[in-house]
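Asks: This is the structure I want to talk about, given as structure tokens.
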Amino acid sequence: MKIKRFFTDRKNGPYHDIVWEKRKSEIRNPDGKAIFSEDTVIVPAFWSQIATDIIAQKYFRKAGIPAGKIYEWKNWGLGEGEENPRDPGRILPEDGAEHDARQVFHRLAFTWMDWGRQNKYFDSPDDERAFYDETCYMLAHQLAAPNSPQWFNTGLYAVYGIDGPPQGHYYYDPEQQKLVKSSSAYQRPQPHACFILSVEDDLVNEGGIVDLITREARLFKYGSGTGSNFSKIRGINEKLSGGGVSSGLLSFLKIGDRSASAIKSGGTTRRAAKMVTLDVDHPDVEKYINWKADEEHKVASLVTGSSIVKKHLDGIKKALAAFRGPETDKFSAEKNHELAA
């Protein structure tokens, strides 16, 4: 495969036309409390603050990078030129985290290029380098972007040597021509965005409800999303083989929803993505359709109740503060008439 250059040349590398800028990234809750803060984030000067916050909070690796690998991108990203002495990324914190967008671009582009090289996709080393440079240029200029699991996982092993125990993943081995269980969490990473999982009308056996939650957790952990059709699960009050009756589909859907909301997708702060579908002829379909609305009614009721309580408590505090009389009488509605108002 030959790679024709459109944006770059070998001499100047992929970042020849970019001014790099050091920024602070901070994300706050509605109450003003900071939930993320990073003082050293190196990005192209033309990036928006939103893009800066996303890569810093979501996609920068936060731990585990060896000190000797922090500047690995410079071996490829500088081209044949010398480093700009005013580049804010010349010296980065040695805290095991990524701080420069070029670190992320490098681990993505290098890993993709390296797999292509191993599988003999490229005609020559010049084509390998052209693929790398063009990919880095497009990522930096926001002309292309992969899915989130790529940002989370790709290159952690190939570039930084970060590894972990196996998590139950499988991959296809072309030499053995069969599925092989992975012996590592990141050597064969999980870079795919979406998975469709089946579920049977069984509680604890393989392929059943509890097994589905385990499989979903494995996917959520590394940033992927899942979708399932739950039409095989019996409806509420349908008979069980043991003589009892089913608690219904929604009781199990709520478990899966809580599991998805608890797991930080990709090990960061993003909530996991989960899709639930149901055939229209399922016995619990009306409850399923109304599920979201019912939950929103609960929230509305809580907000209304909280507002009413606050209004009355504020009135009580005002009545107590305005009372002029013996301290022992201020809590008596008979003697403190403002309390009864």
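Identifiers for the structure tokens are assigned positionally: chains receive A, B, ... in sequence, residues are indexed from 1 per chain, and ligands are indexed from 1 in the order shown.
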Just the strand (DSSP E or B) stuff from range 10-241 of chain A, please, per backbone DSSP, written as a ChimeraX atom specification.

Replies: /A:13,20-28,34-44,100,170-173,178-181,194-196,225-229,239

Asks: Kindly provide the residues of range 55-113 of chain A that approach range 150-165 of chain A to within 10 Å, each paired with its closest atom pair and their distance in Å to one decimal, based on only C-alpha atoms, listed by chain and increasing number, as a tab-separated table.

Replies:
residue	atom	partner	partner_atom	distance
A:Ile55	CA	A:Trp151	CA	8.9
A:Lys58	CA	A:Phe152	CA	8.0
A:Tyr59	CA	A:Trp151	CA	5.6
A:Phe60	CA	A:Phe152	CA	7.7
A:Arg61	CA	A:Phe152	CA	7.3
A:Ala63	CA	A:Ile162	CA	9.6
A:Gly64	CA	A:Ile162	CA	6.7
A:Ile65	CA	A:Tyr160	CA	6.0
A:Pro66	CA	A:Tyr160	CA	6.9
A:Ala67	CA	A:Tyr160	CA	9.6
A:Gly68	CA	A:Tyr160	CA	9.0
A:Lys69	CA	A:Tyr160	CA	6.0
A:Ile70	CA	A:Tyr160	CA	8.4
A:Glu72	CA	A:Val159	CA	7.6
A:Trp73	CA	A:Val159	CA	9.1
A:Gln103	CA	A:Val159	CA	9.6
A:Val104	CA	A:Trp151	CA	7.5
A:Phe105	CA	A:Trp151	CA	8.9
A:His106	CA	A:Gly155	CA	8.3
A:Arg107	CA	A:Gly155	CA	4.5
A:Leu108	CA	A:Gly155	CA	5.7
A:Ala109	CA	A:Gly155	CA	8.5
A:Phe110	CA	A:Gly155	CA	7.5
A:Thr111	CA	A:Gly155	CA	5.4
A:Trp112	CA	A:Thr154	CA	8.4

Asks: Can you write out the residues you just picked, keeping N, CA and C atoms, as a PDB file, in the first residue's frame?

Replies:
ATOM      1  N   ILE A  55      -9.963  16.460  25.799  1.00  0.00           N
ATOM      2  CA  ILE A  55      -8.782  15.600  25.707  1.00  0.00           C
ATOM      3  C   ILE A  55      -8.086  15.485  27.060  1.00  0.00           C
ATOM      4  N   LYS A  58     -10.864  13.447  29.486  1.00  0.00           N
ATOM      5  CA  LYS A  58     -11.319  12.132  29.038  1.00  0.00           C
ATOM      6  C   LYS A  58     -10.195  11.249  28.503  1.00  0.00           C
ATOM      7  N   TYR A  59      -9.292  11.813  27.722  1.00  0.00           N
ATOM      8  CA  TYR A  59      -8.430  10.975  26.898  1.00  0.00           C
ATOM      9  C   TYR A  59      -6.961  10.938  27.294  1.00  0.00           C
ATOM     10  N   PHE A  60      -6.477  11.907  28.038  1.00  0.00           N
ATOM     11  CA  PHE A  60      -5.106  11.799  28.543  1.00  0.00           C
ATOM     12  C   PHE A  60      -5.006  10.615  29.491  1.00  0.00           C
ATOM     13  N   ARG A  61      -3.966   9.797  29.314  1.00  0.00           N
ATOM     14  CA  ARG A  61      -3.697   8.741  30.289  1.00  0.00           C
ATOM     15  C   ARG A  61      -3.269   9.403  31.593  1.00  0.00           C
ATOM     16  N   ALA A  63      -2.098   7.836  34.522  1.00  0.00           N
ATOM     17  CA  ALA A  63      -1.111   7.192  35.395  1.00  0.00           C
ATOM     18  C   ALA A  63      -0.390   6.083  34.632  1.00  0.00           C
ATOM     19  N   GLY A  64       0.803   5.745  35.133  1.00  0.00           N
ATOM     20  CA  GLY A  64       1.496   4.560  34.648  1.00  0.00           C
ATOM     21  C   GLY A  64       2.517   4.765  33.550  1.00  0.00           C
ATOM     22  N   ILE A  65       2.708   6.001  33.062  1.00  0.00           N
ATOM     23  CA  ILE A  65       3.667   6.222  31.978  1.00  0.00           C
ATOM     24  C   ILE A  65       5.079   6.310  32.564  1.00  0.00           C
ATOM     25  N   PRO A  66       6.004   5.450  32.139  1.00  0.00           N
ATOM     26  CA  PRO A  66       7.375   5.515  32.657  1.00  0.00           C
ATOM     27  C   PRO A  66       8.043   6.841  32.298  1.00  0.00           C
ATOM     28  N   ALA A  67       8.906   7.324  33.169  1.00  0.00           N
ATOM     29  CA  ALA A  67       9.574   8.609  32.940  1.00  0.00           C
ATOM     30  C   ALA A  67      10.351   8.621  31.626  1.00  0.00           C
ATOM     31  N   GLY A  68      10.916   7.484  31.253  1.00  0.00           N
ATOM     32  CA  GLY A  68      11.694   7.407  30.020  1.00  0.00           C
ATOM     33  C   GLY A  68      10.863   7.416  28.753  1.00  0.00           C
ATOM     34  N   LYS A  69       9.532   7.351  28.875  1.00  0.00           N
ATOM     35  CA  LYS A  69       8.657   7.301  27.703  1.00  0.00           C
ATOM     36  C   LYS A  69       7.859   8.594  27.496  1.00  0.00           C
ATOM     37  N   ILE A  70       8.055   9.580  28.375  1.00  0.00           N
ATOM     38  CA  ILE A  70       7.258  10.802  28.312  1.00  0.00           C
ATOM     39  C   ILE A  70       7.426  11.519  26.972  1.00  0.00           C
ATOM     40  N   GLU A  72       8.484  10.210  24.072  1.00  0.00           N
ATOM     41  CA  GLU A  72       8.610   9.243  22.992  1.00  0.00           C
ATOM     42  C   GLU A  72       8.154   9.822  21.650  1.00  0.00           C
ATOM     43  N   TRP A  73       7.176  10.710  21.687  1.00  0.00           N
ATOM     44  CA  TRP A  73       6.643  11.269  20.440  1.00  0.00           C
ATOM     45  C   TRP A  73       7.689  12.053  19.660  1.00  0.00           C
ATOM     46  N   GLN A 103       1.538  13.523  22.660  1.00  0.00           N
ATOM     47  CA  GLN A 103       1.741  12.202  23.247  1.00  0.00           C
ATOM     48  C   GLN A 103       0.603  11.263  22.839  1.00  0.00           C
ATOM     49  N   VAL A 104      -0.618  11.789  22.863  1.00  0.00           N
ATOM     50  CA  VAL A 104      -1.787  10.981  22.498  1.00  0.00           C
ATOM     51  C   VAL A 104      -1.783  10.686  21.003  1.00  0.00           C
ATOM     52  N   PHE A 105      -1.535  11.718  20.190  1.00  0.00           N
ATOM     53  CA  PHE A 105      -1.504  11.509  18.743  1.00  0.00           C
ATOM     54  C   PHE A 105      -0.447  10.465  18.377  1.00  0.00           C
ATOM     55  N   HIS A 106       0.684  10.523  19.051  1.00  0.00           N
ATOM     56  CA  HIS A 106       1.770   9.584  18.737  1.00  0.00           C
ATOM     57  C   HIS A 106       1.385   8.148  19.055  1.00  0.00           C
ATOM     58  N   ARG A 107       0.818   7.928  20.259  1.00  0.00           N
ATOM     59  CA  ARG A 107       0.522   6.529  20.597  1.00  0.00           C
ATOM     60  C   ARG A 107      -0.563   5.945  19.697  1.00  0.00           C
ATOM     61  N   LEU A 108      -1.485   6.787  19.219  1.00  0.00           N
ATOM     62  CA  LEU A 108      -2.486   6.315  18.269  1.00  0.00           C
ATOM     63  C   LEU A 108      -1.860   6.021  16.908  1.00  0.00           C
ATOM     64  N   ALA A 109      -1.231   7.030  16.322  1.00  0.00           N
ATOM     65  CA  ALA A 109      -0.705   6.896  14.957  1.00  0.00           C
ATOM     66  C   ALA A 109       0.405   5.855  14.880  1.00  0.00           C
ATOM     67  N   PHE A 110       1.274   5.830  15.876  1.00  0.00           N
ATOM     68  CA  PHE A 110       2.374   4.859  15.849  1.00  0.00           C
ATOM     69  C   PHE A 110       1.842   3.436  15.939  1.00  0.00           C
ATOM     70  N   THR A 111       0.873   3.197  16.815  1.00  0.00           N
ATOM     71  CA  THR A 111       0.345   1.842  16.987  1.00  0.00           C
ATOM     72  C   THR A 111      -0.369   1.371  15.727  1.00  0.00           C
ATOM     73  N   TRP A 112      -1.164   2.247  15.118  1.00  0.00           N
ATOM     74  CA  TRP A 112      -1.827   1.874  13.859  1.00  0.00           C
ATOM     75  C   TRP A 112      -0.784   1.570  12.783  1.00  0.00           C
TER      76      TRP A 112
END

Asks: Given only C-alpha atoms as the basis, pick out the residue of A:Ser261, A:Thr135, A:Ser241, A:Ser224 nearest to His192 in chain A.

Replies: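 Under the stated criterion, the closest residue is A:Ser224.
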
Asks: I'd like the contact shell of Leu250 in chain A - 12 Å cut-off, only C-alpha atoms, skipping same-chain residues fewer than 2 positions apart - returned as an NGL selection string.

Replies: :A and (230-231 or 233-236 or 246-248 or 252-257 or 276 or 278 or 282-292)

Asks: Please report the interatomic distance between CA of Ser37 in chain A and CA of Trp20 in chain A in Å with one decimal.

Replies: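 Computing it gives 19.8 Å between the two atoms.
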
Asks: Neighbouring residues of range 196-211 of chain A were defined as those with any atom within 6 Å, considering only C-alpha atoms; residues of the same chain fewer than 6 positions away were excluded. Please report them as a PDB file with N, CA and C atoms, in the first residue's frame.

Replies:
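Contents of out_37.pdb, as written:
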ATOM      1  N   THR A 226     -22.698  -0.806  24.802  1.00  0.00           N
ATOM      2  CA  THR A 226     -23.374  -2.054  24.482  1.00  0.00           C
ATOM      3  C   THR A 226     -24.848  -1.814  24.176  1.00  0.00           C
ATOM      4  N   GLY A 227     -25.436  -2.781  23.480  1.00  0.00           N
ATOM      5  CA  GLY A 227     -26.870  -2.760  23.228  1.00  0.00           C
ATOM      6  C   GLY A 227     -27.404  -4.173  23.236  1.00  0.00           C
ATOM      7  N   SER A 228     -28.595  -4.347  23.790  1.00  0.00           N
ATOM      8  CA  SER A 228     -29.209  -5.683  23.875  1.00  0.00           C
ATOM      9  C   SER A 228     -30.716  -5.586  23.690  1.00  0.00           C
ATOM     10  N   LYS A 232     -36.465 -11.763  25.251  1.00  0.00           N
ATOM     11  CA  LYS A 232     -36.538 -13.156  25.702  1.00  0.00           C
ATOM     12  C   LYS A 232     -36.819 -13.278  27.195  1.00  0.00           C
ATOM     13  N   ILE A 233     -36.626 -12.181  27.947  1.00  0.00           N
ATOM     14  CA  ILE A 233     -36.850 -12.235  29.389  1.00  0.00           C
ATOM     15  C   ILE A 233     -38.352 -12.214  29.664  1.00  0.00           C
TER      16      ILE A 233
END

Asks: Figure out the distance between CA of Ala193 in chain A and CA of Glu38 in chain A, please, to one decimal in Å.

Replies: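 Computing it gives 27.1 Å between the two atoms.
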
Asks: Just how far from CA of Ala56 in chain A is CA of Val41 in chain A, in Å to one decimal?

Replies: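 Rounded to one decimal, the two atoms are 6.8 Å apart.
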
Asks: Which of these residues is nearest to Ser259 in chain A, using only C-alpha atoms: A:Arg218, A:Arg10, A:Arg28, A:His297?

Replies: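 Nearest candidate to Ser259 in chain A out of A:Arg218, A:Arg10, A:Arg28, A:His297: A:Arg218.
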